[in-house]
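Shown below: protein.txt, with compact mmCIF, C-alpha atoms.
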```txt
# COMPACT_ATOMS: atom_id res chain seq x y z
CA MET A 1 89.44 23.33 46.95
CA ALA A 2 88.50 25.59 44.04
CA LYS A 3 90.72 28.43 45.27
CA GLU A 4 93.74 26.09 45.35
CA ALA A 5 93.22 25.26 41.69
CA THR A 6 92.64 28.83 40.52
CA GLY A 7 94.49 31.04 43.00
CA SER A 8 91.25 32.93 43.61
CA GLY A 9 88.68 32.92 46.37
CA LEU A 10 85.93 33.09 43.78
CA ALA A 11 84.35 30.03 42.23
CA PRO A 12 86.13 28.98 38.98
CA TYR A 13 83.24 30.00 36.75
CA GLY A 14 85.24 30.09 33.51
CA ALA A 15 86.96 26.76 34.15
CA MET A 16 83.65 25.04 34.91
CA ALA A 17 82.03 26.40 31.76
CA LEU A 18 84.99 25.43 29.59
CA ALA A 19 85.12 21.89 30.97
CA ALA A 20 81.37 21.48 30.44
CA LEU A 21 81.53 22.75 26.87
CA ARG A 22 84.43 20.41 26.13
CA GLY A 23 82.46 17.46 27.47
CA ASP A 24 85.13 16.89 30.12
CA GLU A 25 83.14 14.84 32.61
CA ASP A 26 85.99 14.27 35.06
CA GLY A 27 86.98 17.93 34.93
CA VAL A 28 83.44 19.10 35.60
CA ALA A 29 83.09 16.64 38.47
CA ALA A 30 86.28 17.84 40.14
CA LEU A 31 85.63 21.55 39.65
CA THR A 32 81.98 21.47 40.68
CA ALA A 33 82.67 19.34 43.75
CA ALA A 34 85.27 21.85 44.96
CA THR A 35 83.04 24.78 44.08
CA LEU A 36 79.98 23.37 45.83
CA GLN A 37 82.02 22.76 48.97
CA ASP A 38 83.57 26.23 48.97
CA ALA A 39 80.36 28.05 47.98
CA THR A 40 78.35 26.26 50.65
CA GLN A 41 80.89 27.17 53.33
CA ARG A 42 80.83 30.83 52.25
CA GLY A 43 77.08 30.98 51.68
CA GLU A 44 77.71 31.92 48.04
CA GLY A 45 74.45 30.88 46.40
CA ILE A 46 75.49 32.04 42.95
CA GLY A 47 78.48 29.68 43.10
CA ILE A 48 76.11 26.77 43.64
CA THR A 49 73.94 28.00 40.76
CA PHE A 50 76.84 28.02 38.32
CA ALA A 51 78.27 24.70 39.50
CA GLU A 52 74.94 22.97 38.95
CA TRP A 53 74.50 24.83 35.63
CA ALA A 54 77.85 23.45 34.45
CA LYS A 55 76.65 19.93 35.24
CA ALA A 56 73.35 20.50 33.43
CA LEU A 57 75.21 21.85 30.39
CA LEU A 58 77.56 18.87 30.38
CA PHE A 59 74.78 16.29 30.67
CA ASN A 60 72.69 17.91 27.94
CA GLY A 61 75.68 17.66 25.63
CA LEU A 62 76.17 14.01 26.53
CA GLY A 63 72.46 13.28 26.08
CA ARG A 64 72.02 12.27 29.73
CA TYR A 65 68.86 14.27 30.18
CA GLU A 66 67.62 12.90 33.51
CA GLU A 67 70.88 13.93 35.14
CA ALA A 68 70.63 17.30 33.40
CA VAL A 69 67.14 17.80 34.85
CA ALA A 70 68.39 17.11 38.38
CA ALA A 71 71.29 19.53 37.96
CA GLY A 72 69.07 22.15 36.33
CA GLN A 73 66.57 21.99 39.18
CA ASN A 74 69.36 22.38 41.71
CA ALA A 75 70.75 25.34 39.77
CA THR A 76 67.43 27.16 39.62
CA SER A 77 66.45 26.53 43.24
CA TYR A 78 68.45 29.60 44.33
CA ASP A 79 66.50 32.51 42.88
CA LYS A 80 68.03 35.47 44.70
CA ASP A 81 70.17 36.44 41.70
CA LEU A 82 67.75 36.46 38.78
CA ALA A 83 70.40 37.35 36.19
CA ALA A 84 72.29 34.14 36.91
CA LEU A 85 69.17 32.07 36.15
CA CYS A 86 69.38 33.01 32.46
CA TRP A 87 72.03 30.29 32.10
CA PRO A 88 70.53 27.23 33.86
CA LEU A 89 66.88 27.82 32.86
CA PRO A 90 67.44 26.96 29.14
CA GLU A 91 69.33 23.80 30.17
CA LEU A 92 66.44 22.78 32.41
CA VAL A 93 63.91 23.39 29.63
CA GLU A 94 65.86 21.25 27.14
CA ALA A 95 66.47 18.39 29.56
CA ALA A 96 62.94 18.34 30.97
CA ALA A 97 61.41 18.46 27.47
CA ARG A 98 63.54 15.45 26.44
CA CYS A 99 62.38 13.57 29.53
CA GLY A 100 58.71 14.28 28.87
CA MET A 101 58.50 16.48 31.98
CA LYS A 102 56.39 19.13 30.27
CA ASP A 103 55.24 20.86 33.46
CA VAL A 104 58.83 21.36 34.62
CA ALA A 105 59.92 22.54 31.17
CA THR A 106 56.99 24.94 30.83
CA LYS A 107 57.51 26.49 34.26
CA ALA A 108 61.20 27.05 33.54
CA CYS A 109 60.45 28.48 30.10
CA ASP A 110 57.81 30.85 31.50
CA GLN A 111 60.32 32.13 34.05
CA LEU A 112 62.88 32.61 31.30
CA GLY A 113 60.25 34.42 29.23
CA GLU A 114 59.58 36.95 32.00
CA MET A 115 63.27 37.74 32.16
CA ALA A 116 63.51 37.96 28.36
CA GLN A 117 60.68 40.45 28.14
CA ALA A 118 62.35 42.60 30.78
CA ALA A 119 65.83 42.52 29.21
CA ARG A 120 64.81 42.47 25.50
CA SER A 121 68.32 41.58 24.30
CA ASP A 122 68.73 39.45 21.17
CA TRP A 123 70.53 36.80 23.18
CA VAL A 124 67.90 36.21 25.86
CA LEU A 125 65.02 36.55 23.38
CA GLY A 126 66.78 34.08 21.08
CA VAL A 127 67.37 31.59 23.88
CA GLU A 128 63.74 31.98 24.97
CA ALA A 129 62.52 31.26 21.43
CA ARG A 130 64.83 28.25 21.23
CA SER A 131 63.49 26.99 24.55
CA ARG A 132 59.84 27.68 23.67
CA ALA A 133 60.24 25.70 20.44
CA GLN A 134 61.04 22.58 22.45
CA LEU A 135 57.69 22.65 24.23
CA THR A 136 55.75 21.75 21.10
CA ASP A 137 56.33 19.25 18.32
CA ASP A 138 53.77 20.62 15.86
CA ASP A 139 54.29 23.16 13.08
CA SER A 140 54.12 26.11 15.50
CA ALA A 141 57.65 25.17 16.64
CA GLU A 142 59.23 26.10 13.31
CA PRO A 143 58.90 29.90 13.46
CA LEU A 144 60.31 29.77 16.99
CA HIS A 145 63.35 27.82 15.80
CA LEU A 146 63.86 30.31 12.98
CA GLU A 147 63.48 33.26 15.35
CA ALA A 148 66.07 31.75 17.67
CA ILE A 149 68.57 31.35 14.82
CA ALA A 150 67.92 34.88 13.54
CA ARG A 151 68.26 36.53 16.95
CA LEU A 152 71.26 34.51 18.12
CA GLY A 153 72.91 35.15 14.77
CA LYS A 154 73.11 38.82 15.74
CA THR A 155 75.09 38.03 18.90
CA ARG A 156 78.65 36.91 19.56
CA LEU A 157 77.50 33.86 21.54
CA ARG A 158 78.23 31.34 18.79
CA VAL A 159 77.72 28.26 20.96
CA ASP A 160 74.10 29.22 21.53
CA LEU A 161 73.63 29.83 17.81
CA ALA A 162 75.13 26.43 17.00
CA ARG A 163 72.83 24.78 19.52
CA ALA A 164 69.85 26.53 17.92
CA HIS A 165 70.83 24.96 14.58
CA LEU A 166 71.23 21.60 16.33
CA LEU A 167 67.81 21.68 17.95
CA TYR A 168 66.13 22.84 14.74
CA GLY A 169 67.91 20.10 12.80
CA GLU A 170 66.78 17.50 15.33
CA TRP A 171 63.20 18.76 15.05
CA LEU A 172 63.36 18.67 11.23
CA ARG A 173 64.65 15.10 11.29
CA ARG A 174 61.78 14.02 13.50
CA ARG A 175 59.45 15.62 10.95
CA ARG A 176 61.17 13.52 8.24
CA ARG A 177 62.47 16.60 6.44
CA ARG A 178 65.85 15.00 6.05
CA GLY A 179 67.28 17.41 3.49
CA ASP A 180 66.48 20.47 5.60
CA ALA A 181 67.67 18.64 8.70
CA ARG A 182 71.05 17.86 7.15
CA LYS A 183 71.62 21.54 6.35
CA HIS A 184 71.17 22.69 9.94
CA LEU A 185 72.81 19.66 11.55
CA SER A 186 75.84 20.10 9.32
CA THR A 187 76.05 23.78 10.29
CA ALA A 188 75.77 22.88 13.96
CA HIS A 189 78.34 20.10 13.71
CA THR A 190 80.88 22.27 11.89
CA MET A 191 80.51 25.18 14.32
CA LEU A 192 80.62 23.03 17.45
CA LYS A 193 83.56 20.97 16.25
CA GLU A 194 85.59 24.04 15.30
CA MET A 195 84.91 25.59 18.71
CA GLY A 196 85.90 22.40 20.55
CA VAL A 197 82.42 21.92 22.05
CA THR A 198 83.02 18.19 21.96
CA ALA A 199 79.93 16.53 23.42
CA PHE A 200 77.43 18.71 21.53
CA ALA A 201 79.50 18.26 18.36
CA GLU A 202 79.26 14.49 18.70
CA ARG A 203 75.53 14.75 19.36
CA ALA A 204 75.19 16.79 16.14
CA ALA A 205 77.29 14.19 14.30
CA ARG A 206 75.02 11.35 15.41
CA GLU A 207 71.92 13.26 14.31
CA LEU A 208 73.54 14.18 10.99
CA ARG A 209 74.40 10.57 10.23
CA ALA A 210 70.85 9.53 11.17
CA ALA A 211 69.58 12.11 8.66
CA GLY A 212 71.74 10.58 5.94
CA GLY A 213 74.56 13.11 6.14
CA ASN A 214 78.31 12.62 6.47
CA ALA A 215 79.86 13.92 9.66
CA GLY A 216 83.02 11.86 9.34
CA ARG A 217 83.80 9.02 11.66
CA ARG A 218 86.09 9.08 14.62
CA VAL A 219 88.90 6.61 14.00
CA PRO A 220 90.85 5.62 17.11
CA PRO A 221 94.60 5.67 16.65
CA ALA A 222 96.01 2.21 15.90
CA GLY A 223 98.11 0.90 18.78
CA ASN A 224 97.75 4.26 20.62
CA GLU A 225 100.76 5.58 18.70
CA THR A 226 99.73 9.18 19.47
CA LEU A 227 99.91 8.63 23.24
CA THR A 228 103.11 8.98 25.22
CA PRO A 229 104.14 5.89 27.23
CA GLN A 230 102.88 7.48 30.43
CA GLU A 231 99.57 8.55 28.87
CA SER A 232 99.04 5.02 27.57
CA GLN A 233 99.79 3.52 30.98
CA ILE A 234 97.44 5.92 32.77
CA ALA A 235 94.70 5.38 30.17
CA ARG A 236 94.84 1.60 30.64
CA MET A 237 94.63 1.91 34.40
CA ALA A 238 91.65 4.25 34.10
CA ARG A 239 90.05 1.83 31.64
CA ASP A 240 90.47 -0.96 34.19
CA GLY A 241 88.61 1.04 36.83
CA LEU A 242 91.37 2.55 38.95
CA SER A 243 90.64 5.99 40.43
CA ASN A 244 92.98 8.94 39.98
CA PRO A 245 94.44 8.58 43.52
CA GLU A 246 94.95 4.84 42.95
CA ILE A 247 96.73 5.48 39.65
CA GLY A 248 98.82 8.20 41.24
CA SER A 249 99.94 5.99 44.12
CA ARG A 250 101.07 3.27 41.71
CA LEU A 251 102.95 5.67 39.47
CA PHE A 252 104.25 7.90 42.29
CA ILE A 253 102.59 11.02 40.92
CA SER A 254 99.76 13.19 42.24
CA ALA A 255 96.09 12.60 41.45
CA ARG A 256 96.04 16.06 39.88
CA THR A 257 98.85 15.03 37.50
CA VAL A 258 96.86 11.91 36.61
CA GLN A 259 93.86 14.09 35.78
CA TYR A 260 96.03 16.37 33.64
CA HIS A 261 97.28 13.42 31.58
CA LEU A 262 93.80 11.91 31.26
CA ARG A 263 92.50 15.14 29.75
CA LYS A 264 95.26 14.96 27.15
CA VAL A 265 94.37 11.30 26.50
CA PHE A 266 90.70 12.17 25.95
CA THR A 267 91.64 14.91 23.49
CA LYS A 268 93.99 12.69 21.52
CA LEU A 269 91.54 9.78 21.36
CA GLY A 270 88.54 11.97 20.59
CA ILE A 271 86.49 10.84 23.59
CA VAL A 272 84.88 12.62 26.52
CA SER A 273 84.79 10.15 29.42
CA ARG A 274 86.46 7.11 31.01
CA SER A 275 83.60 4.88 29.94
CA GLN A 276 84.75 5.21 26.33
CA LEU A 277 88.34 4.13 26.94
CA ASP A 278 87.57 0.44 26.53
CA SER A 279 86.30 0.96 22.98
CA VAL A 280 89.28 2.99 21.74
CA LEU A 281 92.29 1.50 23.53
CA ALA A 282 94.14 -1.44 22.04
CA THR A 283 93.70 -4.59 24.10
CA GLY A 284 96.47 -5.62 26.42
CA PRO A 285 97.30 -5.98 30.12
CA THR A 286 97.87 -2.98 32.33
CA ASP A 287 101.46 -2.70 33.50
CA VAL A 288 101.33 -1.52 37.11
CA THR A 289 104.64 -3.00 38.23
CA ARG A 290 107.00 -0.68 36.34
CA PRO A 291 105.85 2.93 36.78
CA VAL A 292 107.16 5.60 34.48
CA SER A 293 109.93 7.52 36.22
CA ALA A 294 109.53 11.04 37.53
CA ASP A 295 112.16 12.12 35.02
CA HIS A 296 110.02 10.76 32.19
CA GLU A 297 106.98 12.50 33.69
CA ALA A 298 108.80 15.81 33.48
CA ARG A 299 109.45 15.20 29.77
CA ALA A 300 105.91 13.87 28.97
```
If you convert what's in this file into structure tokens, what do you get?
Amino acid sequence: MAKEATGSGLAPYGAMALAALRGDEDGVAALTAATLQDATQRGEGIGITFAEWAKALLFNGLGRYEEAVAAGQNATSYDKDLAALCWPLPELVEAAARCGMKDVATKACDQLGEMAQAARSDWVLGVEARSRAQLTDDDSAEPLHLEAIARLGKTRLRVDLARAHLLYGEWLRRRRRRGDARKHLSTAHTMLKEMGVTAFAERAARELRAAGGNAGRRVPPAGNETLTPQESQIARMARDGLSNPEIGSRLFISARTVQYHLRKVFTKLGIVSRSQLDSVLATGPTDVTRPVSADHEARA
């Protein structure tokens, strides 16, 4: 349950947001599942909104836009707390626009626009401009992208500013303005990487390379020398398809401890999900007959 993980009866809003921004798919899945269960039992609609928003944010970063649309629609279906909708509506616009669902994107953007005109803050007006720019691919999108960057640049919400540079850079690359695209994609990549916004940073890196820029290349550690013995063992089991409870039962540790070590593995290997383990781990059989001792676990 979410309250067991956080010591609070409230939904773990901060933890969900942080996991989503880091591209931690397993972390988001665990936190949102617990939150959705708890929030449903308590009738806490805003908890459901933020859990689904976290999933939409995660999937937009990973480029899995159909899943982001589904999460965004779930997040915006509870409209009793209008202020909370400022977060999922931009995610729904971006995902729906990428999926060619213009009616869905336009409806969400119009709703965001009504809220922006009422609040008139630089943040919400900047996010609205960024969202509105995604509804058109002609030259009228450019002043909206520039407005978004200008307005968000006046705020302290640097992730949204970085994403504005990313979306503008992607638009410029599609318009074959590769030099201009590289400038904004490089800015986005640097900002996102420095903030640890992993999935969006990798998305910016892919776009930057496609525009002819140099984002550096992730080099997996040879022989997994940066992993502890236990981390390497857990990573191989996860690569081979074992669930966290299955790994835990074989190593005599809890599923939560398995998840903790997997997060460290992902950080060290520069990946964001289990599906990437096969491409970065050195080949070799999984040793499930000699679990690492509890004493070693305490030192790991």
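With distances taken over all atoms listed in the file, A:Ala51 is the one residue among A:Ala205, A:Glu94, A:Ala51, A:Met115 lying closest to Asn74 of chain A.
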How close does each residue of segment 43-119 of chain A get to segment 19-30 of chain A, giving the shortest atom pair and distance in Å to one decimal for every residue with an atom at most 8 Å away, counting only C-alpha atoms, sorted by chain and residue number, as a tab-separated table?
```
residue	atom	partner	partner_atom	distance
A:Ala54	CA	A:Ala20	CA	5.7
A:Lys55	CA	A:Val28	CA	6.9
A:Leu57	CA	A:Ala20	CA	6.2
A:Leu58	CA	A:Ala20	CA	4.6
A:Gly61	CA	A:Gly23	CA	7.0
A:Leu62	CA	A:Gly23	CA	7.2
```
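Across the model, the gap from atom CA of Cys99 of chain A to atom CA of Gly179 of chain A is 26.8 Å.
Atom pair atom CA of Leu112 of chain A / atom CA of Gly169 of chain A: separated by 22.9 Å.
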Could you pull the residues within 8 Å of Leu227 of chain A, counting all atoms listed in the file, minus those fewer than 3 positions along the same chain, as a list in words?
Asn224, Gln230, Glu231, Ser232, Val265 and Lys268 of chain A
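With distances taken over all atoms listed in the file, A:Leu281 is the one residue among A:Leu281, A:Ile253, A:Ala215, A:Ala116 lying closest to Ala238 of chain A.
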Arg203 of chain A surroundings by all atoms listed in the file, 9 Å radius, close-in-sequence under 2 positions cut, as a PDB file with C-alpha atoms, keeping the file's coordinate frame:
```pdb
ATOM      1  CA  GLY A  61      75.680  17.660  25.630  1.00  0.00           C
ATOM      2  CA  LEU A  62      76.170  14.010  26.530  1.00  0.00           C
ATOM      3  CA  GLY A  63      72.460  13.280  26.080  1.00  0.00           C
ATOM      4  CA  LEU A 166      71.230  21.600  16.330  1.00  0.00           C
ATOM      5  CA  HIS A 189      78.340  20.100  13.710  1.00  0.00           C
ATOM      6  CA  THR A 198      83.020  18.190  21.960  1.00  0.00           C
ATOM      7  CA  ALA A 199      79.930  16.530  23.420  1.00  0.00           C
ATOM      8  CA  PHE A 200      77.430  18.710  21.530  1.00  0.00           C
ATOM      9  CA  ALA A 201      79.500  18.260  18.360  1.00  0.00           C
ATOM     10  CA  ALA A 205      77.290  14.190  14.300  1.00  0.00           C
ATOM     11  CA  ARG A 206      75.020  11.350  15.410  1.00  0.00           C
ATOM     12  CA  GLU A 207      71.920  13.260  14.310  1.00  0.00           C
ATOM     13  CA  LEU A 208      73.540  14.180  10.990  1.00  0.00           C
TER      14      LEU A 208
END
```
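Note that atom CA of Arg182 of chain A and atom CA of Gly213 of chain A are 6.0 Å apart.
Nearest to Tyr13 of chain A of all the residues A:Asp139, A:Trp53, A:Gly153, A:Gln37 is A:Trp53, counting only C-alpha atoms.
Minimum distance to Val272 of chain A across A:Ala68, A:Ala148, A:Val197, A:Ile247 (counting all atoms listed in the file) occurs at A:Val197.
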Set the distance at 12 Å and use all atoms listed in the file: which residues neighbour Leu85 of chain A once local chain neighbours fewer than 4 positions away are removed? I'd like the list as a PyMOL selection string.
chain A and resi 45-50+52-53+72-81+89-92+108-109+111-116+124
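Nearest to Thr267 of chain A of all the residues A:Pro12, A:Gly100, A:Gly196, A:Pro143 is A:Gly196, counting all atoms listed in the file.
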Compute the distance from (67.4, 31.2, 16.6) to each atom, counting only C-alpha atoms, keep the residues with any atom at most 10 Å away, and return them as a PyMOL selection string; use the coordinates of the file.
chain A and resi 122-123+125-131+133+143-154+160-165+167-168
Here's a test: counting all atoms listed in the file, identify every protein, DNA and RNA residue with an atom at most 12 Å from (57.4, 17.8, 12.8) in the file's coordinate frame, and state them as a PyMOL selection string.
chain A and resi 133-134+136-142+168-178+180-181
Identify, on the basis of all atoms listed in the file, every residue whose closest approach to Thr106 of chain A does not exceed 9 Å; exclude the query and any residue fewer than 6 positions from it along the same chain; express the result as a ChimeraX atom specification.
/A:93,96-97,132,135
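Proximity ranking of A:Ala39, A:Ala210, A:Val159, A:Leu31 relative to Leu192 of chain A places A:Val159 first, based on all atoms listed in the file.
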